[in-house]
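These notes concern the structure reproduced below.
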Amino acid sequence: MMSVPNSPPAVEPVSLEQARAHLRVAGCLEDELIAALITSARIHLEIATRRMFITQGWSVFLDEWPEGGVITLAIRPVQSVDSVILHAESGAAREIEPADYTADTGSLPRLRPRSGRQWPRPDKPFRGIEIEITAGYGDAPEDVPQPLRQAILQLVAHWYENREPVALGDHAFEIPAMINALVAPYRIMAL
């Protein structure tokens, strides 16, 4: 299973103004750097928690259907399953009708064919199955849980103050324990 983003979030969970205030930066000379740090912190924490924060589109690709037919999606939280598409070697694509499958977008997002039905066989040996989903807590920054937004601010501050990944003759700058504590309840553990 491979997941690829196909539409980024429209906004970040933390605004440039919030980050500037947190950093106690008065001017706008470093706005480009701070904005890049916000985006990098969001992506870093999304990967660490295995959750998408702001609404964004993703495509999940499979080579074949899993045994038993139930697909468990690794991206969370899932707002909707937008389409299931079969790709052919020729480049042709056909969408599976939503009436032919059931999607559960709860805490363990899953997809399965409707009772008595089978998934159609893909005509392409690799990435022949594409599931398009919309993921994230919501469209607005306030939809993202406050501890995750605070973790972004803390990580931005950490990276702003410690711009080098390693200090020679000293210890590496690791992510502060406080940030790990803020995101710990939101981590999805892999088994």
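We name chains A, B, ... following the order of the structure tokens; residues begin at 1 in each chain, and ligands are numbered from 1 as shown.
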
- Would you please give, as a count of residues only, all residues of chain A that DSSP assigns to alpha helix (DSSP H) based on the backbone? 50

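Nearest to Ile152 in chain A of all the residues A:Ala99, A:Ala21, A:Ala41, A:Ile34 is A:Ala41, based on only C-alpha atoms.
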
Using 12 Å as the limit and counting only C-alpha atoms, can you tabulate each residue of range 70-176 of chain A that touches range 51-61 of chain A, with its shortest atom-to-atom distance in Å and the two atoms involved, as CSV?
residue,atom,partner,partner_atom,distance
A:Ile71,CA,A:Val60,CA,10.5
A:Thr72,CA,A:Val60,CA,10.7
A:Leu73,CA,A:Val60,CA,8.0
A:Ala74,CA,A:Arg51,CA,8.8
A:Ile75,CA,A:Arg51,CA,6.2
A:Arg76,CA,A:Arg51,CA,4.8
A:Pro77,CA,A:Arg51,CA,6.2
A:Val78,CA,A:Met52,CA,8.7
A:Gln79,CA,A:Thr55,CA,8.2
A:Ser80,CA,A:Gly57,CA,9.7
A:Val81,CA,A:Trp58,CA,9.8
A:Asp82,CA,A:Gly57,CA,9.3
A:Ser83,CA,A:Ser59,CA,9.4
A:Val84,CA,A:Val60,CA,9.4
A:Ile85,CA,A:Phe61,CA,9.5
A:Leu86,CA,A:Phe61,CA,9.9
A:His87,CA,A:Phe61,CA,10.2
A:Ser107,CA,A:Arg51,CA,11.1
A:Leu108,CA,A:Arg51,CA,12.0
A:Leu111,CA,A:Val60,CA,12.0
A:Pro122,CA,A:Phe61,CA,11.5
A:Lys124,CA,A:Phe61,CA,11.6
A:Pro125,CA,A:Phe61,CA,11.6
A:Phe126,CA,A:Phe61,CA,8.7
A:Arg127,CA,A:Phe61,CA,5.2
A:Gly128,CA,A:Phe61,CA,7.2
A:Ile129,CA,A:Phe61,CA,5.5
A:Glu130,CA,A:Phe61,CA,4.6
A:Ile131,CA,A:Val60,CA,5.0
A:Glu132,CA,A:Ser59,CA,4.5
A:Ile133,CA,A:Trp58,CA,5.4
A:Thr134,CA,A:Gly57,CA,4.6
A:Ala135,CA,A:Thr55,CA,5.5
A:Gly136,CA,A:Thr55,CA,4.3
A:Tyr137,CA,A:Phe53,CA,5.5
A:Gly138,CA,A:Thr55,CA,5.1
A:Asp139,CA,A:Thr55,CA,5.2
A:Ala140,CA,A:Ile54,CA,6.9
A:Pro141,CA,A:Ile54,CA,7.0
A:Glu142,CA,A:Ile54,CA,9.6
A:Asp143,CA,A:Ile54,CA,7.8
A:Val144,CA,A:Phe53,CA,5.9
A:Pro145,CA,A:Phe53,CA,8.6
A:Gln146,CA,A:Phe53,CA,11.0
A:Pro147,CA,A:Phe53,CA,11.6
A:Leu148,CA,A:Phe53,CA,8.3
A:Arg149,CA,A:Phe53,CA,9.1
A:Ile152,CA,A:Phe53,CA,10.9

Given the selection you just returned, output its residues as a file containing C-alpha atoms, formatted as a compact mmCIF listing (two decimals), in the first residue's frame.
# COMPACT_ATOMS: atom_id res chain seq x y z
CA ILE A 71 -8.95 -2.71 3.16
CA THR A 72 -7.76 -0.88 6.26
CA LEU A 73 -6.63 2.64 5.40
CA ALA A 74 -3.47 3.87 7.10
CA ILE A 75 -4.32 7.58 6.76
CA ARG A 76 -6.51 9.04 9.49
CA PRO A 77 -8.88 10.66 10.23
CA VAL A 78 -10.79 9.91 7.03
CA GLN A 79 -13.59 12.33 6.22
CA SER A 80 -14.73 10.51 3.08
CA VAL A 81 -13.85 7.86 0.53
CA ASP A 82 -14.28 9.80 -2.70
CA SER A 83 -13.69 7.09 -5.28
CA VAL A 84 -12.25 3.65 -5.95
CA ILE A 85 -10.59 3.43 -9.37
CA LEU A 86 -9.16 0.49 -11.31
CA HIS A 87 -6.31 1.30 -13.68
CA SER A 107 -11.56 5.48 14.05
CA LEU A 108 -10.41 2.44 12.02
CA LEU A 111 -13.49 -0.43 2.90
CA PRO A 122 -7.30 -4.86 -11.55
CA LYS A 124 -2.49 -3.57 -14.02
CA PRO A 125 0.04 -5.55 -11.93
CA PHE A 126 1.34 -2.59 -9.90
CA ARG A 127 -0.75 0.25 -8.46
CA GLY A 128 -3.79 -0.95 -10.39
CA ILE A 129 -6.13 0.02 -7.55
CA GLU A 130 -6.49 3.65 -6.44
CA ILE A 131 -8.62 4.79 -3.51
CA GLU A 132 -9.11 8.56 -3.36
CA ILE A 133 -9.87 9.87 0.13
CA THR A 134 -10.33 13.17 1.92
CA ALA A 135 -8.55 13.18 5.26
CA GLY A 136 -8.02 15.57 8.16
CA TYR A 137 -9.80 16.94 11.22
CA GLY A 138 -11.47 19.73 9.22
CA ASP A 139 -10.97 22.79 7.03
CA ALA A 140 -10.17 25.31 9.77
CA PRO A 141 -7.21 25.53 12.16
CA GLU A 142 -9.56 25.36 15.15
CA ASP A 143 -10.72 21.90 13.97
CA VAL A 144 -7.26 20.54 14.81
CA PRO A 145 -6.91 19.50 18.49
CA GLN A 146 -5.17 22.20 20.52
CA PRO A 147 -2.30 19.92 21.73
CA LEU A 148 -1.33 19.27 18.09
CA ARG A 149 -1.36 23.00 17.28
CA ILE A 152 3.56 22.69 15.94

Practice task
From a DSSP calculation on the backbone, collect every residue of chain A in strand (DSSP E) and output the set as JSON, numbers by chain.
Solution key: {"A": [2, 3, 4, 5, 6, 7, 56, 57, 58, 59, 60, 61, 62, 71, 72, 78, 79, 80, 81, 82, 83, 84, 85, 86, 87, 93, 94, 95, 96, 101, 102, 103, 104, 110, 111, 112, 113, 129, 130, 131, 132, 133, 134, 135]}

So that I can see what lies close to Pro113 in chain A, please list as a PDB file with N, CA and C atoms, in the first residue's frame the residues with an atom at most 7 Å from it, counting only C-alpha atoms and leaving out residues fewer than 6 positions away in the same chain.
ATOM      1  N   GLY A  69     -10.830  -9.236   1.391  1.00  0.00           N
ATOM      2  CA  GLY A  69     -11.464  -8.090   0.763  1.00  0.00           C
ATOM      3  C   GLY A  69     -11.544  -6.812   1.572  1.00  0.00           C
ATOM      4  N   ASP A 100     -21.316  -0.449  -4.867  1.00  0.00           N
ATOM      5  CA  ASP A 100     -20.681  -1.766  -4.849  1.00  0.00           C
ATOM      6  C   ASP A 100     -19.764  -1.987  -3.650  1.00  0.00           C
ATOM      7  N   TYR A 101     -19.565  -0.950  -2.822  1.00  0.00           N
ATOM      8  CA  TYR A 101     -18.715  -1.103  -1.641  1.00  0.00           C
ATOM      9  C   TYR A 101     -19.250  -0.293  -0.467  1.00  0.00           C
ATOM     10  N   THR A 102     -18.757  -0.637   0.701  1.00  0.00           N
ATOM     11  CA  THR A 102     -19.117   0.058   1.933  1.00  0.00           C
ATOM     12  C   THR A 102     -17.854   0.653   2.527  1.00  0.00           C
ATOM     13  N   TRP A 119     -14.525  -7.725  -5.140  1.00  0.00           N
ATOM     14  CA  TRP A 119     -13.817  -6.632  -5.799  1.00  0.00           C
ATOM     15  C   TRP A 119     -13.450  -7.087  -7.210  1.00  0.00           C
TER      16      TRP A 119
END

Leaving out Pro176 in chain A and any residue of its chain fewer than 5 positions from it, which residues lie within 10 Å of it when counting only C-alpha atoms, given as an mmCIF file with C-alpha atoms, in the first residue's frame?
data_model
loop_
_atom_site.group_PDB
_atom_site.id
_atom_site.type_symbol
_atom_site.label_atom_id
_atom_site.label_comp_id
_atom_site.auth_asym_id
_atom_site.auth_seq_id
_atom_site.Cartn_x
_atom_site.Cartn_y
_atom_site.Cartn_z
ATOM 1 C CA GLN A 154 6.871 24.274 19.988
ATOM 2 C CA LEU A 155 8.562 22.519 17.077
ATOM 3 C CA HIS A 158 12.799 24.593 18.506
ATOM 4 C CA ALA A 181 4.264 14.379 25.151
#

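The nearest approach to Glu30 in chain A among the residues A:Ile175, A:Tyr160, A:Tyr186, A:Gly106, with only C-alpha atoms taken into account, belongs to A:Tyr160.
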
Contacts of Ala35 in chain A within 9 Å, only C-alpha atoms, excl. fewer than 3 positions in-chain, as a PyMOL selection string:
chain A and resi 15-16+19+30-32+38-40

Give me a file of those residues, with all heavy atoms, as an mmCIF file, in the first residue's frame.
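Result saved to part.cif:
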data_model
loop_
_atom_site.group_PDB
_atom_site.id
_atom_site.type_symbol
_atom_site.label_atom_id
_atom_site.label_comp_id
_atom_site.auth_asym_id
_atom_site.auth_seq_id
_atom_site.Cartn_x
_atom_site.Cartn_y
_atom_site.Cartn_z
ATOM 1 N N SER A 15 -1.208 29.870 12.240
ATOM 2 C CA SER A 15 -0.979 30.992 11.329
ATOM 3 C C SER A 15 0.413 31.579 11.534
ATOM 4 O O SER A 15 1.044 31.376 12.569
ATOM 5 C CB SER A 15 -2.032 32.079 11.556
ATOM 6 O OG SER A 15 -1.809 32.721 12.800
ATOM 7 N N LEU A 16 0.842 32.329 10.537
ATOM 8 C CA LEU A 16 2.123 33.019 10.617
ATOM 9 C C LEU A 16 2.122 33.984 11.806
ATOM 10 O O LEU A 16 3.111 34.085 12.538
ATOM 11 C CB LEU A 16 2.389 33.762 9.303
ATOM 12 C CG LEU A 16 3.709 34.503 9.173
ATOM 13 C CD1 LEU A 16 4.896 33.559 9.333
ATOM 14 C CD2 LEU A 16 3.778 35.208 7.826
ATOM 15 N N ALA A 19 2.604 32.073 15.048
ATOM 16 C CA ALA A 19 3.995 31.620 15.183
ATOM 17 C C ALA A 19 4.908 32.791 15.522
ATOM 18 O O ALA A 19 5.776 32.670 16.393
ATOM 19 C CB ALA A 19 4.458 30.933 13.907
ATOM 20 N N GLU A 30 11.612 37.638 8.709
ATOM 21 C CA GLU A 30 11.822 36.186 8.681
ATOM 22 C C GLU A 30 10.538 35.414 8.389
ATOM 23 O O GLU A 30 10.441 34.220 8.670
ATOM 24 C CB GLU A 30 12.453 35.731 9.999
ATOM 25 C CG GLU A 30 13.797 36.394 10.235
ATOM 26 C CD GLU A 30 14.751 35.530 11.023
ATOM 27 O OE1 GLU A 30 14.843 34.328 10.743
ATOM 28 O OE2 GLU A 30 15.398 36.074 11.916
ATOM 29 N N ASP A 31 9.541 36.080 7.808
ATOM 30 C CA ASP A 31 8.256 35.433 7.536
ATOM 31 C C ASP A 31 8.387 34.205 6.638
ATOM 32 O O ASP A 31 7.726 33.193 6.863
ATOM 33 C CB ASP A 31 7.270 36.419 6.904
ATOM 34 C CG ASP A 31 6.625 37.333 7.933
ATOM 35 O OD1 ASP A 31 6.941 37.210 9.136
ATOM 36 O OD2 ASP A 31 5.795 38.166 7.529
ATOM 37 N N GLU A 32 9.236 34.278 5.639
ATOM 38 C CA GLU A 32 9.401 33.140 4.724
ATOM 39 C C GLU A 32 9.947 31.924 5.478
ATOM 40 O O GLU A 32 9.459 30.800 5.309
ATOM 41 C CB GLU A 32 10.329 33.532 3.580
ATOM 42 C CG GLU A 32 10.356 32.517 2.459
ATOM 43 C CD GLU A 32 11.186 32.987 1.269
ATOM 44 O OE1 GLU A 32 11.169 34.184 0.958
ATOM 45 O OE2 GLU A 32 11.831 32.112 0.656
ATOM 46 N N ILE A 38 6.572 26.275 9.791
ATOM 47 C CA ILE A 38 5.204 25.839 10.140
ATOM 48 C C ILE A 38 4.815 24.637 9.285
ATOM 49 O O ILE A 38 4.345 23.619 9.800
ATOM 50 C CB ILE A 38 4.191 26.989 9.956
ATOM 51 C CG1 ILE A 38 4.424 28.096 10.985
ATOM 52 C CG2 ILE A 38 2.757 26.465 10.057
ATOM 53 C CD1 ILE A 38 3.670 29.381 10.697
ATOM 54 N N THR A 39 5.013 24.751 7.973
ATOM 55 C CA THR A 39 4.666 23.642 7.068
ATOM 56 C C THR A 39 5.488 22.402 7.388
ATOM 57 O O THR A 39 4.951 21.292 7.468
ATOM 58 C CB THR A 39 4.866 24.062 5.603
ATOM 59 O OG1 THR A 39 4.028 25.192 5.329
ATOM 60 C CG2 THR A 39 4.523 22.935 4.648
ATOM 61 N N SER A 40 6.783 22.588 7.610
ATOM 62 C CA SER A 40 7.654 21.447 7.933
ATOM 63 C C SER A 40 7.253 20.796 9.246
ATOM 64 O O SER A 40 7.244 19.562 9.354
ATOM 65 C CB SER A 40 9.112 21.903 8.009
ATOM 66 O OG SER A 40 9.528 22.391 6.760
#
